[in-house]
Structures are given as structure tokens and as C-alpha cells.
Amino acid sequence: MTGVTADASPTRLADLADVDRSDPALRDWVAESVRRLDADARRSADTHLIRLELPTDWGIDLYLKDESTHPTGSLKHRLARSLFLYALVNGWLGPDTMVVEASSGSTAVSEAHFARMLGLKFVAVVPRGTSRQKIELIEREGGRCHFVDRADQMVTESVRLAREHGGHFLDQFTYAERATDWRGNNNIAESIIRQLGAETHPIPSWVVVGAGTGGTSATLGRYLRLGRMGTRLCVADVENSAFFGGWVEGDPTATCDRGSRIEGIGRPRVEPSFVGTVVDRMIRVPDQASVAGARFLAERLGRRVGASTGTNIVAVARIITEMRERGEQGSVVTLLCDSGDRYANTYFDDAWVTDQGWSLDGWQAELRRTLPPA
């Protein structure tokens, strides 16, 4: 080793090689930061499990885990807290560390929130085409945006920025599956099963989620197996995403050459946090069906939801239709990932939808038929 000289075999305790890098002030700062994150979690009530009414004679119950009620408005609030805790306990953060993430969406909003809570600078690396609305959400939480020309430059630039400034790249796509404690600790899977405890079908037949990092599906799949439950896990994927093809072909290196139009899910590569071996089924959902699904749920709930939730509900409709055809009863759970108010100028804008060349009427009619109210 450079700079280290091997000593003769020591004969006394005082002669032992000894390098002490402990820093009591840093340990105190980490302890205080963990306390703040823990206190925030304790102040936050669990998210609701909403029952979406279906005809009672079906014997099938459908639930939406409403992640839009987190303080930063989305499922990514859980991930952001986990990523910060993981970085803290691994010794990757200090009181002067600049935190960097490759995200132009909900993850960056949530991470900016927690960085401010800990008194840290936060930079989101985003494409230049990112909407002003998204940039304002990140800035409102105390973050700063650093722009790149293309989405495929975000990770490389994040690494460079973190290295140049002595900062830390949180890297949601690598660490999502390991930062969350899949054994419990009030993760989303444990929360769902606990909330179903007094329902007619407390162990769901299916849980349906999308994949962005893959962290949520990994947590759910592992927890269900740990609990020896018969629940099956379905991942709903979107157009221009590598997850479906990579999973079908068993190819973790699969890529595609375009980006997803459904924010929060779908990726141009199979991300490291996607654990395909815990997934029982995948359903690919067309983008226009995802948007139609968001509008369908907005009608039923009386409030807007994002298109990633629309992706989930289309896959749910397929599964429930098949359950009915087989005469099966049980419960199905999916996620309400975020509010549709963030997408007033896109998914809920008729002119924007027309510009995509989409007609949503057929898919909305199909969902009304397959998932009618009680």
C-alpha cells in the first residue's frame, strides 16, 4: 500500500498499527440528521387505503394505496427518505455535502424536501426541456436545477457534478431496491397488509404496481415472499420502456431508444434496482390507455390522479376481468402514485392529448364497462 510501511511483528499493545478516523462531531451530525428524518416519519400519518367500489356480487375488492397524500405529494416521498437514511448510515453525507440526483420529476421534489430538512444543498440534474412547472416544484422545496441537453446525459453529469464538488450522487436507480428495508420497518408492503387486516380478503390475490426505479416492486415482491403469502405481483409497464422486454427475454441489459411519456414509470434501460425474479407477471399498457385510466379514476374519485396510476388501473382491469371469468373472488391492490394536478397542462389537457394523436374515448368506455361502480 502506498504510504504505509509494514512494521515488524508487534510485541506490545502499544506497538499495534493504529489509525483512528473517528469524528465525534460528524457522528453527532449524522445522529441528529437521522433523528430529524425519524421525527418527520413519526409526524406523518400512514397513507390511506381507498376501496374502489365494484358490484358486490363479484366478490372482488379493489383498493388504491393513496401515496399522493405524502408531504411532497407522491410515492417518491418514501424512496427519498430511504435514500437519505441509507446515505447517512453509510457515511456518505456530512454537513457540507452537496447532494445530487438525476431526476426531473417527483423524486427530485421529495429529495429536495429532505435535503432542506437536513440543511444540505440539493441539485437536480434535468433535461433542458423539463417543464417550468416541474422546475418550480423542485425549487419550491429548496433545490436547484442543473440542465443537460438530453435525458441520457443525466447520470453521467450527476456523477461529474458530485465528484467536482465533493458531493454525493444519491443514484435512485441503483440504490432504490437496497435502501428500503423490505423486511418491514413500515415499508409500503407492510403498510398495505396491515391495513387489509380487517377486510373480507386480508391477503390480496394480486398487487399491481408500475416500475420506475424498480424499488417498489422489489420491496413488495420480497416482503410477500418473506410473509409466505400467495399474493402475486404484477408490474404494469408502458410504451418506450425496457422493463417489459427485458423481463420477458430475461435480459437485464435490455434498452430502448426513446423515453417514456408516462412520468414516473418506464425507463430506456432495465435499471439495477429492478429485481425481475420477484415479479410474477408483466402487462404492457399503451400510453393513451394510461392517460384514459387517469381520467377514468378522476371521474370515480372526484379528483385527478397521475397517468402512472392510470397505467396501474388498466392492468388491474385486465386482472379483475380474468378473475371474474374464472369465478375467483379476492382482493386486488394497486397504487395511487401522485396527484393529477401536476399534469393539468398535459394528461388532462385535451389539446395536448390531441397533439399526441390519441383518442381516449374507447379506453375510457372499456374501463367503465370492466370496472363499474357497485
# chains A, B, ... in the order shown; residues from 1 in each chain; ligands from 1

$ select_by_dssp --residues "segment 41-220 of chain A" --states "alpha helix (DSSP H)" --output "ChimeraX atom specification"
/A:41-43,76-89,106-118,132-140,154-164,172-179,188-195,215-220

$ select_by_dssp --residues "segment 118-254 of chain A" --states "strand (DSSP E or B)" --output "compact mmCIF listing (two decimals) with N, CA and C atoms, in the first residue's frame"
# COMPACT_ATOMS: atom_id res chain seq x y z
N PHE A 122 -29.03 20.86 -2.52
CA PHE A 122 -29.53 19.80 -3.39
C PHE A 122 -29.58 20.29 -4.83
N VAL A 123 -29.04 19.48 -5.74
CA VAL A 123 -29.05 19.81 -7.17
C VAL A 123 -29.71 18.66 -7.93
N ALA A 124 -30.73 18.98 -8.71
CA ALA A 124 -31.36 18.01 -9.59
C ALA A 124 -30.84 18.22 -11.01
N VAL A 125 -30.30 17.18 -11.60
CA VAL A 125 -29.84 17.24 -12.99
C VAL A 125 -31.02 16.89 -13.88
N VAL A 126 -31.42 17.84 -14.73
CA VAL A 126 -32.65 17.69 -15.52
C VAL A 126 -32.40 18.05 -16.98
N PRO A 127 -33.16 17.49 -17.91
CA PRO A 127 -33.06 17.90 -19.32
C PRO A 127 -33.56 19.33 -19.51
N ARG A 144 -32.02 23.13 -6.50
CA ARG A 144 -31.57 23.88 -7.67
C ARG A 144 -31.49 22.91 -8.85
N CYS A 145 -31.81 23.39 -10.04
CA CYS A 145 -31.78 22.55 -11.24
C CYS A 145 -30.53 22.84 -12.06
N HIS A 146 -29.89 21.78 -12.53
CA HIS A 146 -28.72 21.86 -13.40
C HIS A 146 -29.12 21.16 -14.71
N PHE A 147 -28.95 21.86 -15.82
CA PHE A 147 -29.54 21.39 -17.08
C PHE A 147 -28.54 20.67 -17.98
N VAL A 148 -29.04 19.63 -18.64
CA VAL A 148 -28.29 18.93 -19.68
C VAL A 148 -29.15 18.92 -20.94
N HIS A 168 -22.35 14.06 -3.14
CA HIS A 168 -22.80 12.67 -3.20
C HIS A 168 -23.96 12.55 -4.17
N PHE A 169 -23.84 11.59 -5.10
CA PHE A 169 -24.89 11.27 -6.07
C PHE A 169 -25.78 10.21 -5.44
N TRP A 206 -53.71 -10.23 -5.83
CA TRP A 206 -52.74 -9.55 -6.69
C TRP A 206 -52.39 -8.19 -6.10
N VAL A 207 -51.14 -7.78 -6.27
CA VAL A 207 -50.71 -6.40 -6.10
C VAL A 207 -50.16 -5.94 -7.44
N VAL A 208 -50.59 -4.77 -7.89
CA VAL A 208 -50.21 -4.26 -9.21
C VAL A 208 -49.50 -2.92 -9.04
N VAL A 209 -48.28 -2.81 -9.58
CA VAL A 209 -47.51 -1.56 -9.50
C VAL A 209 -46.81 -1.32 -10.83
N GLY A 210 -46.38 -0.08 -11.04
CA GLY A 210 -45.54 0.24 -12.18
C GLY A 210 -44.07 0.13 -11.77
N ARG A 232 -49.75 -12.62 -5.71
CA ARG A 232 -48.89 -12.49 -6.89
C ARG A 232 -48.67 -11.01 -7.21
N LEU A 233 -47.50 -10.73 -7.75
CA LEU A 233 -47.09 -9.36 -8.05
C LEU A 233 -47.07 -9.15 -9.56
N CYS A 234 -47.82 -8.15 -10.00
CA CYS A 234 -47.84 -7.77 -11.42
C CYS A 234 -47.24 -6.39 -11.57
N VAL A 235 -46.32 -6.24 -12.52
CA VAL A 235 -45.76 -4.94 -12.87
C VAL A 235 -46.37 -4.49 -14.19
N ALA A 236 -46.99 -3.31 -14.17
CA ALA A 236 -47.56 -2.71 -15.37
C ALA A 236 -46.51 -1.79 -16.00
N ASP A 237 -46.15 -2.05 -17.24
CA ASP A 237 -45.13 -1.24 -17.91
C ASP A 237 -45.78 -0.43 -19.03
N VAL A 238 -45.04 0.52 -19.54
CA VAL A 238 -45.57 1.46 -20.54
C VAL A 238 -44.78 1.35 -21.84

$ closest_residue --among "A:Arg116, A:Arg132, A:Arg178, A:Arg281" --to "Arg36 of chain A" --atoms "only C-alpha atoms"
A:Arg116

$ atom_distance --atom1 "atom CA of Ser205 of chain A" --atom2 "atom CA of Gly230 of chain A"
7.1 Å

$ residues_around --residues "Thr311 of chain A" --least-positions-apart "2" --cutoff "10 Å" --atoms "only C-alpha atoms" --output "list in words"
Val208, Val209, Gly210, Val235, Ala236, Asp237, Val238, Ile262, Ile265, Ile283, Arg284, Val285, Pro286, Asp287, Gln288, Ala289, Ser290, Val291, Ala292, Gly293, Ala294, Gly306, Ala307, Ser308, Thr309, Ile313, Val314, Ala315 and Val316 of chain A
